[in-house]
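The file query_7.cif comes next; it holds mmCIF, C-alpha atoms and all ligand atoms; chains and numbers go by the auth columns.
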```cif
data_target
loop_
_atom_site.group_PDB
_atom_site.id
_atom_site.type_symbol
_atom_site.label_atom_id
_atom_site.label_comp_id
_atom_site.label_asym_id
_atom_site.label_seq_id
_atom_site.Cartn_x
_atom_site.Cartn_y
_atom_site.Cartn_z
_atom_site.B_iso_or_equiv
_atom_site.auth_seq_id
_atom_site.auth_asym_id
ATOM 1 C CA MET A 1 -17.110 -9.036 15.383 0.00 13 E
ATOM 2 C CA ILE A 2 -14.629 -8.803 12.554 0.00 14 E
ATOM 3 C CA LEU A 3 -12.275 -5.927 13.296 0.00 15 E
ATOM 4 C CA ASN A 4 -10.718 -5.373 9.887 0.00 16 E
ATOM 5 C CA ARG A 5 -14.054 -5.139 8.177 0.00 17 E
ATOM 6 C CA ASP A 6 -17.492 -3.913 9.105 0.00 18 E
ATOM 7 C CA SER A 7 -19.875 -4.492 6.217 0.00 19 E
ATOM 8 C CA LEU A 8 -22.526 -6.861 4.962 0.00 20 E
ATOM 9 C CA VAL A 9 -21.727 -9.098 2.013 0.00 21 E
ATOM 10 C CA ALA A 10 -23.842 -11.109 -0.420 0.00 22 E
ATOM 11 C CA TRP A 11 -23.064 -12.899 -3.683 0.00 23 E
ATOM 12 C CA LEU A 12 -24.990 -12.442 -6.920 0.00 24 E
ATOM 13 C CA TRP A 13 -24.687 -15.076 -9.609 0.00 25 E
ATOM 14 C CA GLU A 14 -25.093 -14.589 -13.357 0.00 26 E
ATOM 15 C CA HIS A 15 -28.372 -16.510 -13.359 0.00 27 E
ATOM 16 C CA ASN A 16 -29.887 -14.530 -10.448 0.00 28 E
ATOM 17 C CA SER A 17 -31.174 -11.765 -12.708 0.00 29 E
ATOM 18 C CA VAL A 18 -31.390 -10.917 -16.391 0.00 30 E
ATOM 19 C CA HIS A 19 -29.373 -7.792 -15.560 0.00 31 E
ATOM 20 C CA MET A 20 -26.250 -9.661 -14.510 0.00 32 E
ATOM 21 C CA PRO A 21 -25.158 -10.919 -17.951 0.00 33 E
ATOM 22 C CA ILE A 22 -25.815 -7.405 -19.329 0.00 34 E
ATOM 23 C CA LEU A 23 -23.565 -5.933 -16.645 0.00 35 E
ATOM 24 C CA THR A 24 -20.933 -8.564 -17.368 0.00 36 E
ATOM 25 C CA GLY A 25 -21.039 -7.662 -21.062 0.00 37 E
ATOM 26 C CA ARG A 26 -20.476 -3.988 -20.185 0.00 38 E
ATOM 27 C CA ILE A 27 -17.546 -4.787 -17.914 0.00 39 E
ATOM 28 C CA GLU A 28 -16.020 -6.911 -20.666 0.00 40 E
ATOM 29 C CA ALA A 29 -16.458 -4.128 -23.220 0.00 41 E
ATOM 30 C CA LEU A 30 -14.907 -1.527 -20.909 0.00 42 E
ATOM 31 C CA ALA A 31 -12.075 -3.586 -19.494 0.00 43 E
ATOM 32 C CA GLY A 32 -11.296 -5.786 -22.480 0.00 44 E
ATOM 33 C CA LEU A 33 -11.330 -8.783 -20.169 0.00 45 E
ATOM 34 C CA ASN A 34 -13.322 -11.991 -19.892 0.00 46 E
ATOM 35 C CA ALA A 35 -15.576 -11.383 -16.873 0.00 47 E
ATOM 36 C CA LYS A 36 -17.866 -14.405 -17.181 0.00 48 E
ATOM 37 C CA GLN A 37 -18.474 -16.234 -13.935 0.00 49 E
ATOM 38 C CA ASN A 38 -16.426 -19.465 -13.556 0.00 50 E
ATOM 39 C CA GLU A 39 -14.784 -19.174 -16.972 0.00 51 E
ATOM 40 C CA GLY A 40 -13.082 -15.834 -16.378 0.00 52 E
ATOM 41 C CA ALA A 41 -14.227 -14.371 -13.087 0.00 53 E
ATOM 42 C CA GLU A 42 -15.987 -14.826 -9.777 0.00 54 E
ATOM 43 C CA SER A 43 -19.670 -14.133 -9.276 0.00 55 E
ATOM 44 C CA TYR A 44 -20.600 -10.616 -8.126 0.00 56 E
ATOM 45 C CA GLN A 45 -20.002 -9.643 -4.522 0.00 57 E
ATOM 46 C CA VAL A 46 -22.395 -6.986 -3.218 0.00 58 E
ATOM 47 C CA VAL A 47 -21.187 -5.019 -0.199 0.00 59 E
ATOM 48 C CA ASN A 48 -23.145 -2.670 2.052 0.00 60 E
ATOM 49 C CA TYR A 49 -21.571 -0.382 4.662 0.00 61 E
ATOM 50 C CA GLY A 50 -23.600 1.588 7.209 0.00 62 E
ATOM 51 C CA VAL A 51 -22.277 4.507 9.274 0.00 63 E
ATOM 52 C CA GLY A 52 -18.840 3.486 10.575 0.00 64 E
ATOM 53 C CA GLY A 53 -18.671 0.670 8.012 0.00 65 E
ATOM 54 C CA HIS A 54 -15.181 0.250 6.597 0.00 66 E
ATOM 55 C CA TYR A 55 -12.602 -2.211 5.288 0.00 67 E
ATOM 56 C CA THR A 56 -8.986 -1.811 6.399 0.00 68 E
ATOM 57 C CA VAL A 57 -6.022 -1.907 3.992 0.00 69 E
ATOM 58 C CA HIS A 58 -5.865 -5.204 2.135 0.00 70 E
ATOM 59 C CA HIS A 59 -5.024 -6.705 -1.224 0.00 71 E
ATOM 60 C CA ASP A 60 -7.602 -8.416 -3.442 0.00 72 E
ATOM 61 C CA ALA A 61 -5.106 -11.010 -4.724 0.00 73 E
ATOM 62 C CA ILE A 62 -5.109 -14.286 -2.834 0.00 74 E
ATOM 63 C CA GLY A 63 -1.689 -14.593 -1.195 0.00 75 E
ATOM 64 C CA ASN A 64 1.322 -14.217 -3.469 0.00 76 E
ATOM 65 C CA ILE A 65 0.779 -17.282 -5.554 0.00 77 E
ATOM 66 C CA ARG A 66 0.802 -17.568 -9.294 0.00 78 E
ATOM 67 C CA SER A 67 -2.521 -19.222 -9.923 0.00 79 E
ATOM 68 C CA THR A 68 -4.870 -19.065 -12.874 0.00 80 E
ATOM 69 C CA PHE A 69 -7.619 -18.511 -10.301 0.00 81 E
ATOM 70 C CA ASN A 70 -5.967 -15.482 -8.764 0.00 82 E
ATOM 71 C CA ARG A 71 -7.649 -12.116 -9.171 0.00 83 E
ATOM 72 C CA VAL A 72 -5.814 -10.332 -11.939 0.00 84 E
ATOM 73 C CA ALA A 73 -8.205 -7.385 -11.861 0.00 85 E
ATOM 74 C CA THR A 74 -10.917 -5.809 -9.734 0.00 86 E
ATOM 75 C CA PHE A 75 -13.876 -3.997 -11.242 0.00 87 E
ATOM 76 C CA LEU A 76 -15.585 -2.091 -8.426 0.00 88 E
ATOM 77 C CA ILE A 77 -18.951 -0.457 -9.125 0.00 89 E
ATOM 78 C CA TYR A 78 -20.445 2.205 -6.848 0.00 90 E
ATOM 79 C CA LEU A 79 -24.207 1.876 -6.494 0.00 91 E
ATOM 80 C CA THR A 80 -24.749 4.888 -4.233 0.00 92 E
ATOM 81 C CA ASP A 81 -23.445 8.341 -3.482 0.00 93 E
ATOM 82 C CA VAL A 82 -22.147 8.585 0.081 0.00 94 E
ATOM 83 C CA ALA A 83 -22.890 11.855 1.865 0.00 95 E
ATOM 84 C CA GLN A 84 -19.588 11.790 3.776 0.00 96 E
ATOM 85 C CA GLY A 85 -16.672 9.343 3.958 0.00 97 E
ATOM 86 C CA GLY A 86 -16.581 5.916 2.352 0.00 98 E
ATOM 87 C CA LEU A 87 -13.800 6.641 -0.146 0.00 99 E
ATOM 88 C CA THR A 88 -11.836 3.777 -1.624 0.00 100 E
ATOM 89 C CA VAL A 89 -8.204 4.720 -0.993 0.00 101 E
ATOM 90 C CA PHE A 90 -4.926 3.362 -2.367 0.00 102 E
ATOM 91 C CA PRO A 91 -2.327 4.560 0.174 0.00 103 E
ATOM 92 C CA TRP A 92 0.800 3.516 -1.788 0.00 104 E
ATOM 93 C CA ILE A 93 -0.199 5.436 -4.891 0.00 105 E
ATOM 94 C CA GLY A 94 -2.070 8.248 -3.149 0.00 106 E
ATOM 95 C CA VAL A 95 -5.392 7.835 -4.905 0.00 107 E
ATOM 96 C CA GLY A 96 -8.854 8.104 -3.377 0.00 108 E
ATOM 97 C CA VAL A 97 -12.087 7.355 -5.191 0.00 109 E
ATOM 98 C CA GLN A 98 -15.198 9.143 -4.009 0.00 110 E
ATOM 99 C CA PRO A 99 -18.246 6.889 -4.249 0.00 111 E
ATOM 100 C CA ARG A 100 -20.748 8.118 -6.831 0.00 112 E
ATOM 101 C CA ARG A 101 -23.722 6.168 -8.082 0.00 113 E
ATOM 102 C CA GLY A 102 -22.758 4.701 -11.473 0.00 114 E
ATOM 103 C CA ARG A 103 -19.025 5.277 -11.034 0.00 115 E
ATOM 104 C CA ALA A 104 -16.620 2.360 -11.379 0.00 116 E
ATOM 105 C CA ALA A 105 -12.957 1.737 -10.660 0.00 117 E
ATOM 106 C CA LEU A 106 -10.781 -0.833 -12.435 0.00 118 E
ATOM 107 C CA TRP A 107 -7.329 -1.867 -11.289 0.00 119 E
ATOM 108 C CA TYR A 108 -4.899 -4.721 -11.801 0.00 120 E
ATOM 109 C CA ASN A 109 -3.855 -6.741 -8.771 0.00 121 E
ATOM 110 C CA LEU A 110 -1.151 -8.840 -10.415 0.00 122 E
ATOM 111 C CA ASP A 111 1.931 -7.860 -12.356 0.00 123 E
ATOM 112 C CA ARG A 112 2.911 -9.243 -15.752 0.00 124 E
ATOM 113 C CA SER A 113 4.463 -12.312 -14.089 0.00 125 E
ATOM 114 C CA GLY A 114 1.277 -13.145 -12.226 0.00 126 E
ATOM 115 C CA TYR A 115 2.563 -12.055 -8.803 0.00 127 E
ATOM 116 C CA ARG A 116 0.716 -9.579 -6.632 0.00 128 E
ATOM 117 C CA ASP A 117 1.404 -5.921 -7.209 0.00 129 E
ATOM 118 C CA ASP A 118 1.648 -4.471 -3.709 0.00 130 E
ATOM 119 C CA ARG A 119 1.006 -0.937 -4.942 0.00 131 E
ATOM 120 C CA VAL A 120 -2.719 -1.608 -5.270 0.00 132 E
ATOM 121 C CA GLU A 121 -3.352 -2.308 -1.613 0.00 133 E
ATOM 122 C CA HIS A 122 -6.506 -0.391 -0.764 0.00 134 E
ATOM 123 C CA ALA A 123 -9.098 0.270 1.907 0.00 135 E
ATOM 124 C CA SER A 124 -12.640 1.511 2.264 0.00 136 E
ATOM 125 C CA CYS A 125 -12.673 4.514 4.605 0.00 137 E
ATOM 126 C CA PRO A 126 -15.390 4.605 7.262 0.00 138 E
ATOM 127 C CA VAL A 127 -18.761 5.886 6.133 0.00 139 E
ATOM 128 C CA LEU A 128 -19.415 9.036 8.175 0.00 140 E
ATOM 129 C CA LEU A 129 -22.838 9.907 6.869 0.00 141 E
ATOM 130 C CA GLY A 130 -25.149 7.893 4.648 0.00 142 E
ATOM 131 C CA ASP A 131 -24.962 4.385 3.313 0.00 143 E
ATOM 132 C CA LYS A 132 -22.526 2.800 0.867 0.00 144 E
ATOM 133 C CA TRP A 133 -23.300 0.021 -1.613 0.00 145 E
ATOM 134 C CA VAL A 134 -20.748 -1.413 -4.043 0.00 146 E
ATOM 135 C CA ILE A 135 -20.406 -4.450 -6.271 0.00 147 E
ATOM 136 C CA ASN A 136 -17.072 -6.226 -6.768 0.00 148 E
ATOM 137 C CA LYS A 137 -16.246 -8.239 -9.852 0.00 149 E
ATOM 138 C CA TRP A 138 -12.999 -10.136 -9.453 0.00 150 E
ATOM 139 C CA VAL A 139 -11.530 -11.241 -12.733 0.00 151 E
ATOM 140 C CA TYR A 140 -9.278 -14.306 -12.940 0.00 152 E
ATOM 141 C CA TYR A 141 -5.819 -14.391 -14.441 0.00 153 E
ATOM 142 C CA GLY A 142 -6.414 -17.679 -16.281 0.00 154 E
ATOM 143 C CA GLY A 143 -9.642 -16.561 -17.906 0.00 155 E
ATOM 144 C CA GLN A 144 -7.907 -13.994 -20.092 0.00 156 E
ATOM 145 C CA MET A 145 -6.065 -16.360 -22.381 0.00 157 E
ATOM 146 C CA ASN A 146 -8.206 -15.608 -25.420 0.00 158 E
ATOM 147 C CA LYS A 147 -8.575 -11.949 -24.512 0.00 159 E
ATOM 148 C CA VAL A 148 -4.932 -10.993 -24.221 0.00 160 E
ATOM 149 C CA VAL A 149 -2.373 -13.743 -24.648 0.00 161 E
ATOM 150 C CA CYS A 150 -3.762 -15.241 -27.847 0.00 162 E
ATOM 151 C CA LYS A 151 -4.986 -12.038 -29.418 0.00 163 E
ATOM 152 C CA ALA A 152 -2.770 -10.916 -32.267 0.00 164 E
ATOM 153 C CA ASN A 153 -1.115 -7.507 -31.992 0.00 165 E
ATOM 154 C CA ASP A 154 -2.346 -6.729 -28.482 0.00 166 E
ATOM 155 C CA PRO A 155 0.509 -4.814 -26.829 0.00 167 E
ATOM 156 C CA ARG A 156 -0.557 -6.144 -23.416 0.00 168 E
ATOM 157 C CA ALA A 157 0.313 -9.676 -24.505 0.00 169 E
ATOM 158 C CA GLY A 158 4.007 -8.821 -24.585 0.00 170 E
ATOM 159 C CA ILE A 159 4.419 -11.109 -27.583 0.00 171 E
ATOM 160 C CA VAL A 160 6.090 -9.677 -30.631 0.00 172 E
ATOM 161 C CA GLN A 161 4.091 -10.557 -33.710 0.00 173 E
ATOM 162 C CA PRO A 162 6.127 -11.300 -36.824 0.00 174 E
ATOM 163 C CA VAL A 163 5.601 -8.709 -39.517 0.00 175 E
ATOM 164 C CA ALA A 164 4.453 -10.321 -42.768 0.00 176 E
HETATM 165 O O1 LIG B . -15.835 -0.708 -0.757 0.00 1 L
HETATM 166 C C1 LIG B . -14.792 -0.341 -1.276 0.00 1 L
HETATM 167 O O2 LIG B . -14.583 0.827 -1.598 0.00 1 L
HETATM 168 C C2 LIG B . -13.702 -1.341 -1.520 0.00 1 L
HETATM 169 C C3 LIG B . -14.160 -2.760 -1.293 0.00 1 L
HETATM 170 C C4 LIG B . -13.034 -3.729 -1.342 0.00 1 L
HETATM 171 O O3 LIG B . -11.906 -3.370 -1.413 0.00 1 L
HETATM 172 C C5 LIG B . -13.306 -5.175 -1.334 0.00 1 L
HETATM 173 O O4 LIG B . -14.459 -5.567 -1.124 0.00 1 L
HETATM 174 O O5 LIG B . -12.371 -5.952 -1.540 0.00 1 L
HETATM 175 FE FE FE B . -10.603 -4.946 -1.984 0.00 2 L
#
```
As structure tokens - that is how I would like this structure written.
Ligand SMILES: O=C(O)CCC(=O)C(=O)O
Ligand SMILES: [Fe+2]
Amino acid sequence: MILNRDSLVAWLWEHNSVHMPILTGRIEALAGLNAKQNEGAESYQVVNYGVGGHYTVHHDAIGNIRSTFNRVATFLIYLTDVAQGGLTVFPWIGVGVQPRRGRAALWYNLDRSGYRDDRVEHASCPVLLGDKWVINKWVYYGGQMNKVVCKANDPRAGIVQPVA
């Protein structure tokens, strides 16, 4: 038994269903990021928690390494309402997200230098009543080159564009 986590996990790939590329397109439109599997992101991770199911405080970034394959952002989609419990909580910033079918949360795991931002440690509180289903989309740092760094006049790029 894994103590820090009690949930079932499966992976969904872009080619597994015609719906996946549509979902990816929506994530890209909302987040302004490249969320394509391999190129800019991981495949989808589907998670199911039953009563008592939880995930203790953790960080989605892999270690504290600057890697183009580290998870710059998390797009978490809630597939179900949960009758009681099951919130996603961010203890350092004091935010809790109540699962609601169709709701999504987006946060950045890395800072502008590519190191992990400890403030976004989070947990999934135990499900008290009902059943919780979510999908994770982890977006890679390196996949955003043409979305942010090389896009003219994007303030997130941190590059001052010469005024003509
Ligand atoms: O289920 C949640 O609310 C959060 C899931 C999570 O943090 C993860 O799978 O990394
Ligand atoms: Fe997480």
**OP:** Go through E:Asp93, E:Glu51, E:Gln110, E:Gln57 and flag the residue nearest Met157 of chain E, using all atoms listed in the file for the distances.
**Re:** E:Glu51
**OP:** Find the distance between atom CA of Val21 of chain E and atom CA of Asn50 of chain E and write it in Å to one decimal.
**Re:** 19.4 Å
Subject >> Residue members of the PyMOL selection byres (((chain E and resi 116-124) around 10) and not hetatm) in the file shown, as a PyMOL selection string >> reply: chain E and resi 39+42-43+71-74+76-78+82-91+100+109+111-115+125-133+146-151+153+168-170
Selection above as a file: C-alpha atoms, as a PDB file, in the coordinates of the input:
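Here's the written file selection.pdb:
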```
ATOM      1  CA  ILE E  39     -17.546  -4.787 -17.914  1.00  0.00           C
ATOM      2  CA  LEU E  42     -14.907  -1.527 -20.909  1.00  0.00           C
ATOM      3  CA  ALA E  43     -12.075  -3.586 -19.494  1.00  0.00           C
ATOM      4  CA  HIS E  71      -5.024  -6.705  -1.224  1.00  0.00           C
ATOM      5  CA  ASP E  72      -7.602  -8.416  -3.442  1.00  0.00           C
ATOM      6  CA  ALA E  73      -5.106 -11.010  -4.724  1.00  0.00           C
ATOM      7  CA  ILE E  74      -5.109 -14.286  -2.834  1.00  0.00           C
ATOM      8  CA  ASN E  76       1.322 -14.217  -3.469  1.00  0.00           C
ATOM      9  CA  ILE E  77       0.779 -17.282  -5.554  1.00  0.00           C
ATOM     10  CA  ARG E  78       0.802 -17.568  -9.294  1.00  0.00           C
ATOM     11  CA  ASN E  82      -5.967 -15.482  -8.764  1.00  0.00           C
ATOM     12  CA  ARG E  83      -7.649 -12.116  -9.171  1.00  0.00           C
ATOM     13  CA  VAL E  84      -5.814 -10.332 -11.939  1.00  0.00           C
ATOM     14  CA  ALA E  85      -8.205  -7.385 -11.861  1.00  0.00           C
ATOM     15  CA  THR E  86     -10.917  -5.809  -9.734  1.00  0.00           C
ATOM     16  CA  PHE E  87     -13.876  -3.997 -11.242  1.00  0.00           C
ATOM     17  CA  LEU E  88     -15.585  -2.091  -8.426  1.00  0.00           C
ATOM     18  CA  ILE E  89     -18.951  -0.457  -9.125  1.00  0.00           C
ATOM     19  CA  TYR E  90     -20.445   2.205  -6.848  1.00  0.00           C
ATOM     20  CA  LEU E  91     -24.207   1.876  -6.494  1.00  0.00           C
ATOM     21  CA  THR E 100     -11.836   3.777  -1.624  1.00  0.00           C
ATOM     22  CA  VAL E 109     -12.087   7.355  -5.191  1.00  0.00           C
ATOM     23  CA  PRO E 111     -18.246   6.889  -4.249  1.00  0.00           C
ATOM     24  CA  ARG E 112     -20.748   8.118  -6.831  1.00  0.00           C
ATOM     25  CA  ARG E 113     -23.722   6.168  -8.082  1.00  0.00           C
ATOM     26  CA  GLY E 114     -22.758   4.701 -11.473  1.00  0.00           C
ATOM     27  CA  ARG E 115     -19.025   5.277 -11.034  1.00  0.00           C
ATOM     28  CA  SER E 125       4.463 -12.312 -14.089  1.00  0.00           C
ATOM     29  CA  GLY E 126       1.277 -13.145 -12.226  1.00  0.00           C
ATOM     30  CA  TYR E 127       2.563 -12.055  -8.803  1.00  0.00           C
ATOM     31  CA  ARG E 128       0.716  -9.579  -6.632  1.00  0.00           C
ATOM     32  CA  ASP E 129       1.404  -5.921  -7.209  1.00  0.00           C
ATOM     33  CA  ASP E 130       1.648  -4.471  -3.709  1.00  0.00           C
ATOM     34  CA  ARG E 131       1.006  -0.937  -4.942  1.00  0.00           C
ATOM     35  CA  VAL E 132      -2.719  -1.608  -5.270  1.00  0.00           C
ATOM     36  CA  GLU E 133      -3.352  -2.308  -1.613  1.00  0.00           C
ATOM     37  CA  VAL E 146     -20.748  -1.413  -4.043  1.00  0.00           C
ATOM     38  CA  ILE E 147     -20.406  -4.450  -6.271  1.00  0.00           C
ATOM     39  CA  ASN E 148     -17.072  -6.226  -6.768  1.00  0.00           C
ATOM     40  CA  LYS E 149     -16.246  -8.239  -9.852  1.00  0.00           C
ATOM     41  CA  TRP E 150     -12.999 -10.136  -9.453  1.00  0.00           C
ATOM     42  CA  VAL E 151     -11.530 -11.241 -12.733  1.00  0.00           C
ATOM     43  CA  TYR E 153      -5.819 -14.391 -14.441  1.00  0.00           C
ATOM     44  CA  ARG E 168      -0.557  -6.144 -23.416  1.00  0.00           C
ATOM     45  CA  ALA E 169       0.313  -9.676 -24.505  1.00  0.00           C
ATOM     46  CA  GLY E 170       4.007  -8.821 -24.585  1.00  0.00           C
TER      47      GLY E 170
END
```
**OP:** Evaluate the PyMOL selection byres (((chain E and resi 137) around 10) and not hetatm) here and jot the selected residues down as a PyMOL selection string.
**Re:** chain E and resi 64-69+97-101+108+134-136+138-140
Original post:
Mind pulling up the distance from atom CA of Gly62 of chain E to atom CA of Ala95 of chain E?
Top reply: 11.6 Å
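Nearest to ligand FE 2 (chain L) of all the residues E:His70, E:Glu54, E:Trp25, E:Ile34 is E:His70, based on all atoms listed in the file.
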Subject >> Distance criterion (all atoms listed in the file): nearest to ligand LIG 1 (chain L) out of E:Asn28, E:Ser79, E:Asn60, E:Ser55 >> reply: E:Asn60
**OP:** Quick one: pull the distance between atom CA of Gly52 of chain E and atom CA of Ser19 of chain E, Å, one decimal.
**Re:**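 Separating atom CA of Gly52 of chain E from atom CA of Ser19 of chain E is a distance of 26.2 Å.
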Original post:
Smallest atom-to-atom distance to ligand LIG 1 (chain L): which of E:Ala41, E:Ala47, E:Val59, E:Ala53, using only C-alpha atoms and all ligand atoms?
Top reply: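 Using only C-alpha atoms and all ligand atoms, ligand LIG 1 (chain L) sits closest to E:Val59.
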**OP:** Select, from E:Val58, E:Val63, E:Leu141, E:Val107, the residue with the minimum atom-to-atom distance to Val94 of chain E, counting only C-alpha atoms.
**Re:**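 Closest candidate: E:Leu141.
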Subject >> E:Leu20, E:Glu26, E:Phe102, E:Met32 ranked by distance to Trp145 of chain E, top pick (using only C-alpha atoms) >> reply: E:Leu20
Subject >> Shell of 12 Å around His27 of chain E, all atoms listed in the file, local chain residues under 3 positions omitted, as a list in words >> reply: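 What passes the distance filter is Trp23, Leu24, Val30, His31, Met32, Pro33, Ile34, Thr36, Lys48, Gln49, Ser55 and Tyr56 of chain E.
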